[in-house]
file query-v5.cif (mmCIF, C-alpha atoms and all ligand atoms)
data_input
#
loop_
_atom_site.group_PDB
_atom_site.id
_atom_site.type_symbol
_atom_site.label_atom_id
_atom_site.label_comp_id
_atom_site.auth_asym_id
_atom_site.auth_seq_id
_atom_site.Cartn_x
_atom_site.Cartn_y
_atom_site.Cartn_z
ATOM 1 C CA MET A 28 108.549 128.344 205.245
ATOM 2 C CA PHE A 29 106.862 130.506 202.692
ATOM 3 C CA PHE A 30 108.610 128.622 199.899
ATOM 4 C CA ALA A 31 107.603 125.195 201.219
ATOM 5 C CA GLY A 32 104.000 126.338 201.429
ATOM 6 C CA GLY A 33 104.167 127.451 197.827
ATOM 7 C CA LEU A 34 105.388 124.064 196.706
ATOM 8 C CA GLN A 35 102.596 122.313 198.549
ATOM 9 C CA ALA A 36 100.006 124.479 196.886
ATOM 10 C CA HIS A 37 101.566 123.725 193.525
ATOM 11 C CA ALA A 38 101.402 119.948 194.089
ATOM 12 C CA ALA A 39 97.684 120.175 194.733
ATOM 13 C CA THR A 40 96.834 121.417 191.268
ATOM 14 C CA TRP A 41 96.111 119.733 187.977
ATOM 15 C CA SER A 42 98.368 119.854 184.967
ATOM 16 C CA ALA A 43 97.510 118.663 181.484
ATOM 17 C CA ARG A 44 99.823 118.790 178.511
ATOM 18 C CA ALA A 45 99.832 117.588 174.922
ATOM 19 C CA LEU A 46 102.593 115.905 172.931
ATOM 20 C CA PRO A 47 103.495 117.210 170.443
ATOM 21 C CA THR A 48 102.840 120.591 172.053
ATOM 22 C CA LYS A 49 101.551 122.012 168.782
ATOM 23 C CA LEU A 50 98.234 120.400 167.822
ATOM 24 C CA VAL A 51 97.188 120.262 164.161
ATOM 25 C CA ASN A 52 94.316 118.683 162.263
ATOM 26 C CA GLY A 53 94.964 115.104 161.130
ATOM 27 C CA ALA A 54 97.471 114.425 163.930
ATOM 28 C CA PRO A 55 97.546 112.063 166.878
ATOM 29 C CA VAL A 56 98.159 113.575 170.301
ATOM 30 C CA LEU A 57 99.325 112.138 173.599
ATOM 31 C CA PHE A 58 97.668 113.783 176.580
ATOM 32 C CA GLN A 59 99.606 113.661 179.848
ATOM 33 C CA VAL A 60 97.845 114.597 183.073
ATOM 34 C CA LYS A 61 98.984 115.020 186.649
ATOM 35 C CA THR A 62 96.242 115.120 189.235
ATOM 36 C CA PRO A 63 96.145 116.805 192.664
ATOM 37 C CA ALA A 64 95.149 113.565 194.384
ATOM 38 C CA ARG A 65 95.550 109.848 193.796
ATOM 39 C CA LEU A 66 92.751 108.605 191.548
ATOM 40 C CA ASP A 67 91.364 105.187 190.662
ATOM 41 C CA SER A 68 90.404 106.174 187.151
ATOM 42 C CA LEU A 69 90.564 109.110 184.809
ATOM 43 C CA THR A 70 88.467 109.717 181.719
ATOM 44 C CA GLY A 71 88.203 112.658 179.390
ATOM 45 C CA THR A 72 86.178 114.191 176.619
ATOM 46 C CA TRP A 73 87.977 115.640 173.619
ATOM 47 C CA LEU A 74 86.312 116.813 170.365
ATOM 48 C CA ASP A 75 83.220 114.733 171.256
ATOM 49 C CA HIS A 76 85.298 111.591 171.790
ATOM 50 C CA LYS A 77 85.529 109.770 175.087
ATOM 51 C CA ILE A 78 89.059 108.911 176.156
ATOM 52 C CA ILE A 79 90.270 106.556 178.874
ATOM 53 C CA PHE A 80 93.568 107.324 180.604
ATOM 54 C CA SER A 81 96.178 104.839 181.828
ATOM 55 C CA PHE A 82 98.422 105.507 184.826
ATOM 56 C CA ASP A 83 102.191 105.426 184.526
ATOM 57 C CA ALA A 84 103.341 104.686 188.074
ATOM 58 C CA ALA A 85 106.988 105.601 187.333
ATOM 59 C CA THR A 86 106.158 109.212 186.488
ATOM 60 C CA LYS A 87 102.814 109.391 188.377
ATOM 61 C CA THR A 88 101.272 110.610 185.155
ATOM 62 C CA TRP A 89 98.019 109.643 183.469
ATOM 63 C CA PHE A 90 98.234 109.290 179.689
ATOM 64 C CA ALA A 91 95.957 108.682 176.729
ATOM 65 C CA LEU A 92 96.408 108.699 172.989
ATOM 66 C CA ALA A 93 93.840 110.730 171.063
ATOM 67 C CA GLY A 94 93.658 112.639 167.822
ATOM 68 C CA VAL A 95 92.399 115.627 165.889
ATOM 69 C CA SER A 96 90.449 114.794 162.731
ATOM 70 C CA LEU A 97 91.530 116.177 159.381
ATOM 71 C CA GLU A 98 88.219 118.080 159.229
ATOM 72 C CA THR A 99 88.687 119.864 162.577
ATOM 73 C CA ALA A 100 88.835 123.630 161.996
ATOM 74 C CA PRO A 101 91.613 125.682 163.590
ATOM 75 C CA GLY A 102 90.503 126.950 166.981
ATOM 76 C CA THR A 103 90.493 126.297 170.685
ATOM 77 C CA TYR A 104 89.051 123.085 172.062
ATOM 78 C CA ALA A 105 88.563 121.858 175.610
ATOM 79 C CA LEU A 106 89.870 118.661 177.127
ATOM 80 C CA GLU A 107 87.434 117.893 179.928
ATOM 81 C CA LEU A 108 88.811 115.556 182.570
ATOM 82 C CA SER A 109 86.943 113.596 185.169
ATOM 83 C CA GLY A 110 88.651 111.544 187.857
ATOM 84 C CA GLU A 111 87.269 109.132 190.394
ATOM 85 C CA ARG A 112 88.453 108.065 193.799
ATOM 86 C CA SER A 113 87.123 105.030 195.608
ATOM 87 C CA ALA A 114 84.484 105.964 198.182
ATOM 88 C CA THR A 115 85.976 106.761 201.577
ATOM 89 C CA GLY A 116 83.012 108.208 203.373
ATOM 90 C CA ALA A 117 82.319 111.912 203.181
ATOM 91 C CA THR A 118 85.635 112.750 201.496
ATOM 92 C CA ALA A 119 84.862 110.708 198.373
ATOM 93 C CA LYS A 120 84.122 112.882 195.409
ATOM 94 C CA ALA A 121 84.691 113.179 191.736
ATOM 95 C CA LEU A 122 87.396 115.554 190.598
ATOM 96 C CA SER A 123 87.226 117.456 187.367
ATOM 97 C CA PHE A 124 89.422 119.794 185.374
ATOM 98 C CA THR A 125 89.231 121.500 182.002
ATOM 99 C CA ARG A 126 92.173 122.629 179.920
ATOM 100 C CA LYS A 127 91.914 124.291 176.533
ATOM 101 C CA PHE A 128 94.221 123.487 173.638
ATOM 102 C CA THR A 129 94.736 125.368 170.389
ATOM 103 C CA VAL A 130 94.507 123.431 167.137
ATOM 104 C CA ALA A 131 96.356 124.954 164.166
ATOM 105 C CA GLN A 132 95.907 124.211 160.479
ATOM 106 C CA ALA A 133 98.378 121.651 159.129
ATOM 107 C CA LYS A 134 99.818 122.125 155.652
ATOM 108 C CA TYR A 135 99.249 119.091 153.449
ATOM 109 C CA PRO A 136 100.552 118.945 149.874
ATOM 110 C CA LYS A 137 98.562 119.175 146.665
ATOM 111 C CA ILE A 138 100.055 117.077 143.898
ATOM 112 C CA LYS A 139 99.209 117.225 140.204
ATOM 113 C CA VAL A 140 99.084 113.677 138.857
ATOM 114 C CA LYS A 141 97.773 111.593 136.043
ATOM 115 C CA LEU A 142 95.818 108.789 137.628
ATOM 116 C CA SER A 143 95.922 105.434 135.953
ATOM 117 C CA VAL A 144 93.503 103.092 137.626
ATOM 118 C CA GLU A 145 91.958 99.992 136.104
ATOM 119 C CA HIS A 146 88.540 100.418 134.499
ATOM 120 C CA LYS A 147 86.790 98.209 137.031
ATOM 121 C CA PHE A 148 87.484 100.840 139.674
ATOM 122 C CA THR A 149 86.074 103.780 137.732
ATOM 123 C CA GLU A 150 83.148 102.038 135.999
ATOM 124 C CA PRO A 151 82.203 99.018 138.108
ATOM 125 C CA THR A 152 79.782 96.404 136.791
ATOM 126 C CA PRO A 153 76.632 95.497 138.824
ATOM 127 C CA GLU A 154 78.472 92.476 140.233
ATOM 128 C CA GLN A 155 81.409 94.675 141.272
ATOM 129 C CA LEU A 156 79.001 97.220 142.764
ATOM 130 C CA GLN A 157 77.675 94.430 144.961
ATOM 131 C CA GLN A 158 81.222 93.573 146.104
ATOM 132 C CA ILE A 159 81.862 97.251 146.822
ATOM 133 C CA GLU A 160 78.678 97.444 148.902
ATOM 134 C CA GLU A 161 79.603 94.307 150.870
ATOM 135 C CA ALA A 162 83.062 95.752 151.556
ATOM 136 C CA ARG A 163 81.522 99.055 152.660
ATOM 137 C CA LYS A 164 79.317 97.236 155.197
ATOM 138 C CA ILE A 165 82.265 95.269 156.584
ATOM 139 C CA LYS A 166 84.284 98.477 157.037
ATOM 140 C CA GLN A 167 81.327 100.312 158.566
ATOM 141 C CA ASP A 168 80.951 97.493 161.070
ATOM 142 C CA TYR A 169 84.586 96.794 161.982
ATOM 143 C CA LEU A 170 86.428 100.095 161.566
ATOM 144 C CA ASN A 171 84.308 102.007 164.043
ATOM 145 C CA ARG A 172 84.725 99.559 166.904
ATOM 146 C CA VAL A 173 86.076 100.891 170.170
ATOM 147 C CA THR A 174 87.257 98.352 172.737
ATOM 148 C CA PRO A 175 87.895 99.592 176.301
ATOM 149 C CA ASP A 176 91.368 98.162 176.982
ATOM 150 C CA ARG A 177 94.611 99.660 175.706
ATOM 151 C CA GLU A 178 96.652 97.034 173.807
ATOM 152 C CA TRP A 179 99.450 99.247 172.458
ATOM 153 C CA SER A 180 102.444 100.109 174.579
ATOM 154 C CA GLY A 181 105.469 102.215 173.767
ATOM 155 C CA LYS A 182 106.460 103.853 170.529
ATOM 156 C CA PHE A 183 104.872 102.763 167.243
ATOM 157 C CA ALA A 184 107.289 101.134 164.794
ATOM 158 C CA THR A 185 107.513 101.516 161.038
ATOM 159 C CA PRO A 186 105.723 98.713 159.128
ATOM 160 C CA ALA A 187 108.437 98.619 156.443
ATOM 161 C CA GLN A 188 111.995 99.864 155.981
ATOM 162 C CA ALA A 189 111.379 101.757 152.773
ATOM 163 C CA GLU A 190 111.095 105.144 151.154
ATOM 164 C CA ILE A 191 107.806 107.054 151.515
ATOM 165 C CA SER A 192 106.087 107.457 148.152
ATOM 166 C CA ASP A 193 103.028 109.426 149.300
ATOM 167 C CA VAL A 194 102.286 111.238 152.531
ATOM 168 C CA PHE A 195 99.080 111.606 154.530
ATOM 169 C CA GLY A 196 96.688 114.411 153.615
ATOM 170 C CA SER A 197 97.987 114.945 150.083
ATOM 171 C CA GLN A 198 95.428 115.740 147.437
ATOM 172 C CA ARG A 199 95.768 114.651 143.847
ATOM 173 C CA VAL A 200 94.705 117.141 141.242
ATOM 174 C CA PHE A 201 93.734 115.628 137.883
ATOM 175 C CA ASN A 202 91.784 117.306 135.090
ATOM 176 C CA ASP A 203 91.595 120.378 137.380
ATOM 177 C CA LYS A 204 89.618 118.338 139.907
ATOM 178 C CA THR A 205 90.923 117.911 143.427
ATOM 179 C CA SER A 206 90.415 114.403 144.785
ATOM 180 C CA SER A 207 89.663 113.531 148.382
ATOM 181 C CA PRO A 208 92.787 113.588 150.589
ATOM 182 C CA HIS A 209 95.109 110.591 150.849
ATOM 183 C CA LEU A 210 94.265 109.115 154.239
ATOM 184 C CA GLY A 211 97.369 106.985 154.722
ATOM 185 C CA LEU A 212 101.087 106.707 154.213
ATOM 186 C CA ASP A 213 102.566 104.891 151.189
ATOM 187 C CA PHE A 214 105.815 102.957 151.300
ATOM 188 C CA ARG A 215 107.634 102.183 148.053
ATOM 189 C CA VAL A 216 108.145 98.438 148.373
ATOM 190 C CA PRO A 217 108.179 95.669 145.803
ATOM 191 C CA SER A 218 105.703 92.823 146.079
ATOM 192 C CA GLY A 219 106.630 90.229 148.704
ATOM 193 C CA THR A 220 108.250 92.596 151.233
ATOM 194 C CA PRO A 221 107.528 91.640 154.880
ATOM 195 C CA VAL A 222 105.067 94.008 156.594
ATOM 196 C CA ALA A 223 105.370 94.465 160.364
ATOM 197 C CA ALA A 224 102.761 95.277 163.016
ATOM 198 C CA MET A 225 103.202 98.895 164.169
ATOM 199 C CA ASN A 226 102.405 98.004 167.767
ATOM 200 C CA ASP A 227 100.870 95.260 169.929
ATOM 201 C CA GLY A 228 97.260 94.430 169.198
ATOM 202 C CA THR A 229 94.676 91.941 168.005
ATOM 203 C CA VAL A 230 93.906 91.151 164.362
ATOM 204 C CA LEU A 231 90.479 92.641 163.712
ATOM 205 C CA LEU A 232 90.332 91.945 159.966
ATOM 206 C CA ALA A 233 92.446 89.808 157.641
ATOM 207 C CA ARG A 234 90.511 89.338 154.441
ATOM 208 C CA PRO A 235 90.316 90.578 150.848
ATOM 209 C CA LEU A 236 88.149 93.634 150.160
ATOM 210 C CA TYR A 237 87.382 95.287 146.820
ATOM 211 C CA TYR A 238 89.443 98.489 147.016
ATOM 212 C CA GLU A 239 91.832 97.532 149.822
ATOM 213 C CA GLY A 240 92.839 94.185 148.336
ATOM 214 C CA ASN A 241 94.225 91.806 150.955
ATOM 215 C CA PHE A 242 93.576 93.882 154.029
ATOM 216 C CA VAL A 243 94.832 93.540 157.613
ATOM 217 C CA VAL A 244 93.480 95.698 160.428
ATOM 218 C CA LEU A 245 95.039 95.598 163.893
ATOM 219 C CA ASN A 246 93.097 96.740 166.938
ATOM 220 C CA HIS A 247 95.389 98.492 169.447
ATOM 221 C CA GLY A 248 92.483 99.176 171.808
ATOM 222 C CA GLN A 249 90.470 102.252 172.823
ATOM 223 C CA GLY A 250 89.499 102.922 169.220
ATOM 224 C CA LEU A 251 93.030 102.963 167.784
ATOM 225 C CA LEU A 252 93.470 100.796 164.670
ATOM 226 C CA SER A 253 96.271 100.353 162.139
ATOM 227 C CA LEU A 254 95.410 99.287 158.590
ATOM 228 C CA TYR A 255 97.631 97.580 156.000
ATOM 229 C CA LEU A 256 96.423 97.451 152.390
ATOM 230 C CA HIS A 257 97.131 95.744 149.033
ATOM 231 C CA LEU A 258 98.998 92.775 150.582
ATOM 232 C CA SER A 259 100.001 89.807 148.445
ATOM 233 C CA GLU A 260 99.863 87.399 151.375
ATOM 234 C CA PHE A 261 98.437 87.164 154.900
ATOM 235 C CA LYS A 262 100.669 85.985 157.770
ATOM 236 C CA VAL A 263 97.978 86.351 160.456
ATOM 237 C CA LYS A 264 94.306 85.515 160.836
ATOM 238 C CA GLU A 265 91.431 87.350 162.500
ATOM 239 C CA GLY A 266 91.557 87.039 166.292
ATOM 240 C CA ASP A 267 95.333 86.516 166.486
ATOM 241 C CA THR A 268 97.303 88.500 169.055
ATOM 242 C CA VAL A 269 100.328 90.255 167.567
ATOM 243 C CA LYS A 270 103.406 91.989 168.928
ATOM 244 C CA ARG A 271 105.056 95.135 167.587
ATOM 245 C CA GLY A 272 107.383 94.223 164.710
ATOM 246 C CA GLN A 273 105.706 90.872 164.053
ATOM 247 C CA GLU A 274 105.275 89.974 160.384
ATOM 248 C CA ILE A 275 101.587 90.241 159.509
ATOM 249 C CA GLY A 276 101.776 89.850 155.739
ATOM 250 C CA LEU A 277 103.690 90.495 152.546
ATOM 251 C CA SER A 278 103.279 93.642 150.482
ATOM 252 C CA GLY A 279 101.639 93.556 147.081
ATOM 253 C CA GLY A 280 99.408 95.393 144.675
ATOM 254 C CA THR A 281 96.012 93.760 145.274
ATOM 255 C CA GLY A 282 92.788 95.804 145.155
ATOM 256 C CA ARG A 283 92.784 99.374 143.887
ATOM 257 C CA ALA A 284 96.490 100.009 143.513
ATOM 258 C CA THR A 285 98.429 101.481 140.604
ATOM 259 C CA GLY A 286 101.274 99.084 141.386
ATOM 260 C CA PRO A 287 102.840 97.221 144.293
ATOM 261 C CA HIS A 288 103.216 99.424 147.372
ATOM 262 C CA LEU A 289 102.256 99.392 151.019
ATOM 263 C CA HIS A 290 99.502 101.768 152.109
ATOM 264 C CA VAL A 291 99.139 102.010 155.873
ATOM 265 C CA ALA A 292 96.523 104.003 157.714
ATOM 266 C CA VAL A 293 95.809 104.841 161.333
ATOM 267 C CA ARG A 294 92.274 105.251 162.578
ATOM 268 C CA TRP A 295 91.246 106.596 165.935
ATOM 269 C CA GLN A 296 87.579 106.386 166.915
ATOM 270 C CA GLY A 297 86.321 106.697 163.347
ATOM 271 C CA THR A 298 88.756 109.303 162.056
ATOM 272 C CA TYR A 299 91.986 108.896 160.048
ATOM 273 C CA LEU A 300 95.232 110.245 161.522
ATOM 274 C CA ASP A 301 98.664 110.792 159.996
ATOM 275 C CA PRO A 302 100.696 107.561 160.500
ATOM 276 C CA ALA A 303 104.006 109.472 160.090
ATOM 277 C CA ARG A 304 103.141 111.724 163.034
ATOM 278 C CA LEU A 305 102.187 108.687 165.125
ATOM 279 C CA LEU A 306 105.540 107.039 164.307
ATOM 280 C CA GLN A 307 107.347 110.151 165.612
ATOM 281 C CA LEU A 308 105.545 110.268 168.959
ATOM 282 C CA GLN A 309 107.490 109.177 172.057
ATOM 283 C CA LEU A 310 104.965 107.070 173.939
ATOM 284 C CA PRO A 311 105.003 105.491 177.402
HETATM 285 ZN ZN ZN G 401 98.116 105.144 149.770
#

call {"tool": "encode", "arguments": {"input": "query-v5.cif", "output": "structure tokens"}}
result
Amino acid sequence: MFFAGGLQAHAATWSARALPTKLVNGAPVLFQVKTPARLDSLTGTWLDHKIIFSFDAATKTWFALAGVSLETAPGTYALELSGERSATGATAKALSFTRKFTVAQAKYPKIKVKLSVEHKFTEPTPEQLQQIEEARKIKQDYLNRVTPDREWSGKFATPAQAEISDVFGSQRVFNDKTSSPHLGLDFRVPSGTPVAAMNDGTVLLARPLYYEGNFVVLNHGQGLLSLYLHLSEFKVKEGDTVKRGQEIGLSGGTGRATGPHLHVAVRWQGTYLDPARLLQLQLP
């Protein structure tokens, strides 16, 4: 009797966990939440971002994909959860729960390199400066969009079957100066290699931009975007719906690229996350 009572009490509590269990800056994180009562909706606040949870009926678990920005300092941060039940008279009320998670410092490599980039990228002409400014405005407008519905489902898939030539977060050191960190993942592929969508989504951008070259951005919903740069050819257009694994373009070396390669990036609500860590995550 005592034991049964204990189990009941346990079922009436919240649980919130993170995958992977160790959180680091620059990484995506899957939050999984069990609630003490059936809810109609669950939202959360994490590092000043709003997150919307989905319910997995099979495991009776709420889940949401979020992230920790590269700039987030090591420390302890709260995930604040707020659930709602449909009004059933006096018993209707909002439920809330807070769980703290520790964020550790990730180790990203520093690489000494000689950069060889075309002159037009280091000393742009007035005309090029105008193109750069136009591209900046387009990115400012599109890359910070957050749509409410989740479009991704299941594990993210690699955009190309190829060797990694540069990892996320690496910093190039040239002439004793440390450049800004590399905010994507580079695949060593020759020009003309098919590039696949990492998950289901909608084509947000498919157009040439100054630095990015032929640029495809997929919207996976709730502020999660995947970006594919330097393409030689587009296989989709803006507004198209795509499925994971679908060919969205061919790799190339357009824009600011030292040679043909595929640079992919993952953005979550305005911040870049490590694509390699996203590819490793087991997702519902
Ligand atoms: Zn890159």

call {"tool": "residues_around", "arguments": {"input": "query-v5.cif", "residues": "region 160-176 of chain A", "least_positions_apart": "6", "cutoff": "9 Å", "atoms": "only C-alpha atoms", "output": "list in words"}}
result
Ile79, Leu231, Leu232, Pro235, Leu236, Tyr237, Tyr238, Val244, Asn246, His247, Gly248, Gln249, Gly250, Leu251, Leu252, Arg294, Trp295, Gln296, Gly297 and Thr298 of chain A

call {"tool": "closest_residue", "arguments": {"input": "query-v5.cif", "among": "A:Ile138, A:Ala84, A:Ala284, A:Leu97", "to": "Arg199 (chain A)", "atoms": "all atoms listed in the file"}}
result
A:Ile138

call {"tool": "residues_near_ligand", "arguments": {"input": "query-v5.cif", "ligand": "ligand ZN 401 (chain G)", "cutoff": "6 Å", "atoms": "all atoms listed in the file", "output": "tab-separated table (two decimals) with C-alpha atoms, in the frame of the given file"}}
result
chain	number	residue	atom	x	y	z
A	211	GLY	CA	97.37	106.98	154.72
A	212	LEU	CA	101.09	106.71	154.21
A	213	ASP	CA	102.57	104.89	151.19
A	290	HIS	CA	99.50	101.77	152.11

call {"tool": "atom_distance", "arguments": {"input": "query-v5.cif", "atom1": "CA of Thr149 (chain A)", "atom2": "CA of Val222 (chain A)"}}
result
28.5 Å

call {"tool": "axis_aligned_box", "arguments": {"input": "query-v5.cif", "around": "region 54-66 of chain A", "padding_each_side": "4 Å", "output": "AutoDock Vina command-line options"}}
result
--center_x 96.2 --center_y 112.7 --center_z 179.2 --size_x 14.9 --size_y 16.2 --size_z 38.5

call {"tool": "atom_distance", "arguments": {"input": "query-v5.cif", "atom1": "CA of Gly71 (chain A)", "atom2": "CA of Tyr135 (chain A)"}}
result
28.9 Å
